[in-house]
Amino acid sequence: EGMVNKSELDKSQDEIKRLSALLEGMVSKSDLLTSQDDCGRLFSEVDRLKKLLEGMVSKVELDKCQDEGKRLSGEVERLTKLLEGMVAKARLDEATDANARLASEVERLKKLLEGMVSKAELDAARDEIEELRRRLAQAQA
């Protein structure tokens, strides 16, 4: 009764080895519960970070937007300076029309002046006429 067959002993030892190998891959229930708690906390943290990331953009995208904003700001400044030295086309048209009217008036006045003499010449001619009248009166007397 106290003896067993050698093959049964070998089988039992093989089963012990197999079960020992299985046990090496296992953890205690308390370790499993601790790991599950850690996983739960990590999942909560991942969810929190996902929600936080939904409202964010990458640094590269932010940098691109800031660079584009700077470029557009520079373009606005350049165009503003360019506009400072400009006037509306309507004002240019008005000035051109006014210049044309003034040029016509200058030409009209030049033509008018061609037929005129200076006051000094007029006064000299009047003085000469007076002198000639005086001489004529003397010669007739």
# chains A, B, ... in the order shown; residues from 1 in each chain; ligands from 1

call {"tool": "select_by_dssp", "arguments": {"residues": "chain A", "states": "alpha helix (DSSP H)", "output": "ChimeraX atom specification"}}
result
/A:6-24,29-54,59-84,89-114,119-140

call {"tool": "atom_distance", "arguments": {"atom1": "atom CA of A:Glu45", "atom2": "atom CA of A:Asp63"}}
result
27.8 Å

call {"tool": "atom_distance", "arguments": {"atom1": "atom CA of A:Gly40", "atom2": "atom CA of A:Gly25"}}
result
22.3 Å

call {"tool": "decode", "arguments": {"residues": "stretch 6-124 of chain A", "atoms": "C-alpha atoms", "output": "PDB file, in the first residue's frame"}}
result
ATOM      1  CA  LYS A   6       7.044   4.328 -11.145  1.00  0.00           C
ATOM      2  CA  SER A   7       5.173   5.440 -14.244  1.00  0.00           C
ATOM      3  CA  GLU A   8       2.462   7.030 -12.076  1.00  0.00           C
ATOM      4  CA  LEU A   9       5.138   8.796 -10.103  1.00  0.00           C
ATOM      5  CA  ASP A  10       6.678  10.116 -13.326  1.00  0.00           C
ATOM      6  CA  LYS A  11       3.281  11.263 -14.513  1.00  0.00           C
ATOM      7  CA  SER A  12       2.654  13.051 -11.242  1.00  0.00           C
ATOM      8  CA  GLN A  13       6.051  14.742 -11.397  1.00  0.00           C
ATOM      9  CA  ASP A  14       5.357  15.835 -14.993  1.00  0.00           C
ATOM     10  CA  GLU A  15       1.991  17.229 -13.875  1.00  0.00           C
ATOM     11  CA  ILE A  16       3.701  19.068 -11.015  1.00  0.00           C
ATOM     12  CA  LYS A  17       6.219  20.579 -13.478  1.00  0.00           C
ATOM     13  CA  ARG A  18       3.405  21.589 -15.858  1.00  0.00           C
ATOM     14  CA  LEU A  19       1.374  23.150 -13.053  1.00  0.00           C
ATOM     15  CA  SER A  20       4.494  24.909 -11.667  1.00  0.00           C
ATOM     16  CA  ALA A  21       5.157  26.374 -15.112  1.00  0.00           C
ATOM     17  CA  LEU A  22       1.557  27.590 -15.261  1.00  0.00           C
ATOM     18  CA  LEU A  23       1.886  29.117 -11.797  1.00  0.00           C
ATOM     19  CA  GLU A  24       5.004  31.034 -12.854  1.00  0.00           C
ATOM     20  CA  GLY A  25       2.889  32.876 -15.455  1.00  0.00           C
ATOM     21  CA  MET A  26       0.218  33.719 -12.900  1.00  0.00           C
ATOM     22  CA  VAL A  27      -0.076  36.479 -10.300  1.00  0.00           C
ATOM     23  CA  SER A  28      -1.858  36.659  -7.002  1.00  0.00           C
ATOM     24  CA  LYS A  29      -5.444  37.887  -6.861  1.00  0.00           C
ATOM     25  CA  SER A  30      -4.374  40.968  -4.857  1.00  0.00           C
ATOM     26  CA  ASP A  31      -1.725  41.797  -7.486  1.00  0.00           C
ATOM     27  CA  LEU A  32      -4.383  41.388 -10.183  1.00  0.00           C
ATOM     28  CA  LEU A  33      -6.801  43.703  -8.342  1.00  0.00           C
ATOM     29  CA  THR A  34      -4.045  46.290  -7.843  1.00  0.00           C
ATOM     30  CA  SER A  35      -3.178  46.110 -11.539  1.00  0.00           C
ATOM     31  CA  GLN A  36      -6.851  46.440 -12.478  1.00  0.00           C
ATOM     32  CA  ASP A  37      -7.136  49.539 -10.267  1.00  0.00           C
ATOM     33  CA  ASP A  38      -3.995  50.964 -11.890  1.00  0.00           C
ATOM     34  CA  CYS A  39      -5.440  50.223 -15.341  1.00  0.00           C
ATOM     35  CA  GLY A  40      -8.699  51.944 -14.405  1.00  0.00           C
ATOM     36  CA  ARG A  41      -6.818  55.040 -13.265  1.00  0.00           C
ATOM     37  CA  LEU A  42      -4.724  54.985 -16.430  1.00  0.00           C
ATOM     38  CA  PHE A  43      -7.826  54.650 -18.641  1.00  0.00           C
ATOM     39  CA  SER A  44      -9.384  57.606 -16.820  1.00  0.00           C
ATOM     40  CA  GLU A  45      -6.205  59.610 -17.322  1.00  0.00           C
ATOM     41  CA  VAL A  46      -6.122  58.659 -21.026  1.00  0.00           C
ATOM     42  CA  ASP A  47      -9.763  59.775 -21.411  1.00  0.00           C
ATOM     43  CA  ARG A  48      -9.011  63.053 -19.631  1.00  0.00           C
ATOM     44  CA  LEU A  49      -5.991  63.683 -21.861  1.00  0.00           C
ATOM     45  CA  LYS A  50      -7.995  62.810 -25.005  1.00  0.00           C
ATOM     46  CA  LYS A  51     -10.633  65.374 -24.052  1.00  0.00           C
ATOM     47  CA  LEU A  52      -7.911  67.927 -23.357  1.00  0.00           C
ATOM     48  CA  LEU A  53      -6.273  67.202 -26.725  1.00  0.00           C
ATOM     49  CA  GLU A  54      -9.560  67.663 -28.605  1.00  0.00           C
ATOM     50  CA  GLY A  55      -9.295  71.398 -28.005  1.00  0.00           C
ATOM     51  CA  MET A  56      -5.624  71.648 -28.889  1.00  0.00           C
ATOM     52  CA  VAL A  57      -3.504  71.797 -32.036  1.00  0.00           C
ATOM     53  CA  SER A  58       0.066  70.761 -32.638  1.00  0.00           C
ATOM     54  CA  LYS A  59       2.910  73.207 -32.044  1.00  0.00           C
ATOM     55  CA  VAL A  60       3.817  72.926 -35.737  1.00  0.00           C
ATOM     56  CA  GLU A  61       0.291  73.973 -36.737  1.00  0.00           C
ATOM     57  CA  LEU A  62       0.348  76.854 -34.258  1.00  0.00           C
ATOM     58  CA  ASP A  63       3.726  77.997 -35.584  1.00  0.00           C
ATOM     59  CA  LYS A  64       2.401  77.859 -39.166  1.00  0.00           C
ATOM     60  CA  CYS A  65      -0.620  79.955 -38.197  1.00  0.00           C
ATOM     61  CA  GLN A  66       1.524  82.477 -36.339  1.00  0.00           C
ATOM     62  CA  ASP A  67       3.930  82.734 -39.275  1.00  0.00           C
ATOM     63  CA  GLU A  68       1.004  83.267 -41.664  1.00  0.00           C
ATOM     64  CA  GLY A  69      -0.421  85.900 -39.313  1.00  0.00           C
ATOM     65  CA  LYS A  70       2.931  87.736 -39.261  1.00  0.00           C
ATOM     66  CA  ARG A  71       3.186  87.544 -43.055  1.00  0.00           C
ATOM     67  CA  LEU A  72      -0.345  88.892 -43.494  1.00  0.00           C
ATOM     68  CA  SER A  73       0.299  91.630 -40.939  1.00  0.00           C
ATOM     69  CA  GLY A  74       3.385  92.685 -42.885  1.00  0.00           C
ATOM     70  CA  GLU A  75       1.380  92.689 -46.110  1.00  0.00           C
ATOM     71  CA  VAL A  76      -1.323  94.850 -44.508  1.00  0.00           C
ATOM     72  CA  GLU A  77       1.344  97.273 -43.269  1.00  0.00           C
ATOM     73  CA  ARG A  78       2.987  97.401 -46.721  1.00  0.00           C
ATOM     74  CA  LEU A  79      -0.345  98.047 -48.436  1.00  0.00           C
ATOM     75  CA  THR A  80      -1.312 100.661 -45.854  1.00  0.00           C
ATOM     76  CA  LYS A  81       1.929 102.546 -46.499  1.00  0.00           C
ATOM     77  CA  LEU A  82       1.341 102.240 -50.220  1.00  0.00           C
ATOM     78  CA  LEU A  83      -2.172 103.626 -49.821  1.00  0.00           C
ATOM     79  CA  GLU A  84      -0.928 106.592 -47.803  1.00  0.00           C
ATOM     80  CA  GLY A  85       0.778 107.909 -50.929  1.00  0.00           C
ATOM     81  CA  MET A  86      -2.267 107.404 -53.135  1.00  0.00           C
ATOM     82  CA  VAL A  87      -5.523 109.197 -53.788  1.00  0.00           C
ATOM     83  CA  ALA A  88      -8.808 108.000 -55.177  1.00  0.00           C
ATOM     84  CA  LYS A  89      -9.035 107.879 -58.984  1.00  0.00           C
ATOM     85  CA  ALA A  90     -11.991 110.274 -58.816  1.00  0.00           C
ATOM     86  CA  ARG A  91      -9.705 112.893 -57.192  1.00  0.00           C
ATOM     87  CA  LEU A  92      -7.111 112.346 -59.909  1.00  0.00           C
ATOM     88  CA  ASP A  93      -9.799 112.718 -62.579  1.00  0.00           C
ATOM     89  CA  GLU A  94     -11.024 115.937 -60.925  1.00  0.00           C
ATOM     90  CA  ALA A  95      -7.480 117.320 -60.786  1.00  0.00           C
ATOM     91  CA  THR A  96      -6.860 116.351 -64.419  1.00  0.00           C
ATOM     92  CA  ASP A  97     -10.077 118.080 -65.479  1.00  0.00           C
ATOM     93  CA  ALA A  98      -9.174 121.167 -63.448  1.00  0.00           C
ATOM     94  CA  ASN A  99      -5.692 121.214 -65.029  1.00  0.00           C
ATOM     95  CA  ALA A 100      -7.233 120.972 -68.510  1.00  0.00           C
ATOM     96  CA  ARG A 101      -9.606 123.869 -67.725  1.00  0.00           C
ATOM     97  CA  LEU A 102      -6.736 125.939 -66.343  1.00  0.00           C
ATOM     98  CA  ALA A 103      -4.572 125.181 -69.385  1.00  0.00           C
ATOM     99  CA  SER A 104      -7.408 126.326 -71.644  1.00  0.00           C
ATOM    100  CA  GLU A 105      -7.820 129.478 -69.582  1.00  0.00           C
ATOM    101  CA  VAL A 106      -4.068 130.159 -69.770  1.00  0.00           C
ATOM    102  CA  GLU A 107      -4.163 129.784 -73.581  1.00  0.00           C
ATOM    103  CA  ARG A 108      -7.200 132.108 -73.786  1.00  0.00           C
ATOM    104  CA  LEU A 109      -5.452 134.685 -71.622  1.00  0.00           C
ATOM    105  CA  LYS A 110      -2.229 134.419 -73.666  1.00  0.00           C
ATOM    106  CA  LYS A 111      -4.199 135.132 -76.836  1.00  0.00           C
ATOM    107  CA  LEU A 112      -5.917 138.017 -75.105  1.00  0.00           C
ATOM    108  CA  LEU A 113      -2.538 139.361 -73.971  1.00  0.00           C
ATOM    109  CA  GLU A 114      -1.159 139.197 -77.499  1.00  0.00           C
ATOM    110  CA  GLY A 115      -3.501 142.027 -78.414  1.00  0.00           C
ATOM    111  CA  MET A 116      -2.699 144.087 -75.314  1.00  0.00           C
ATOM    112  CA  VAL A 117       0.100 146.373 -74.170  1.00  0.00           C
ATOM    113  CA  SER A 118       1.407 147.182 -70.744  1.00  0.00           C
ATOM    114  CA  LYS A 119       0.087 150.166 -68.791  1.00  0.00           C
ATOM    115  CA  ALA A 120       3.479 151.818 -69.126  1.00  0.00           C
ATOM    116  CA  GLU A 121       3.287 151.536 -72.921  1.00  0.00           C
ATOM    117  CA  LEU A 122      -0.288 152.875 -72.868  1.00  0.00           C
ATOM    118  CA  ASP A 123       0.731 155.769 -70.621  1.00  0.00           C
ATOM    119  CA  ALA A 124       3.729 156.531 -72.892  1.00  0.00           C
TER     120      ALA A 124
END
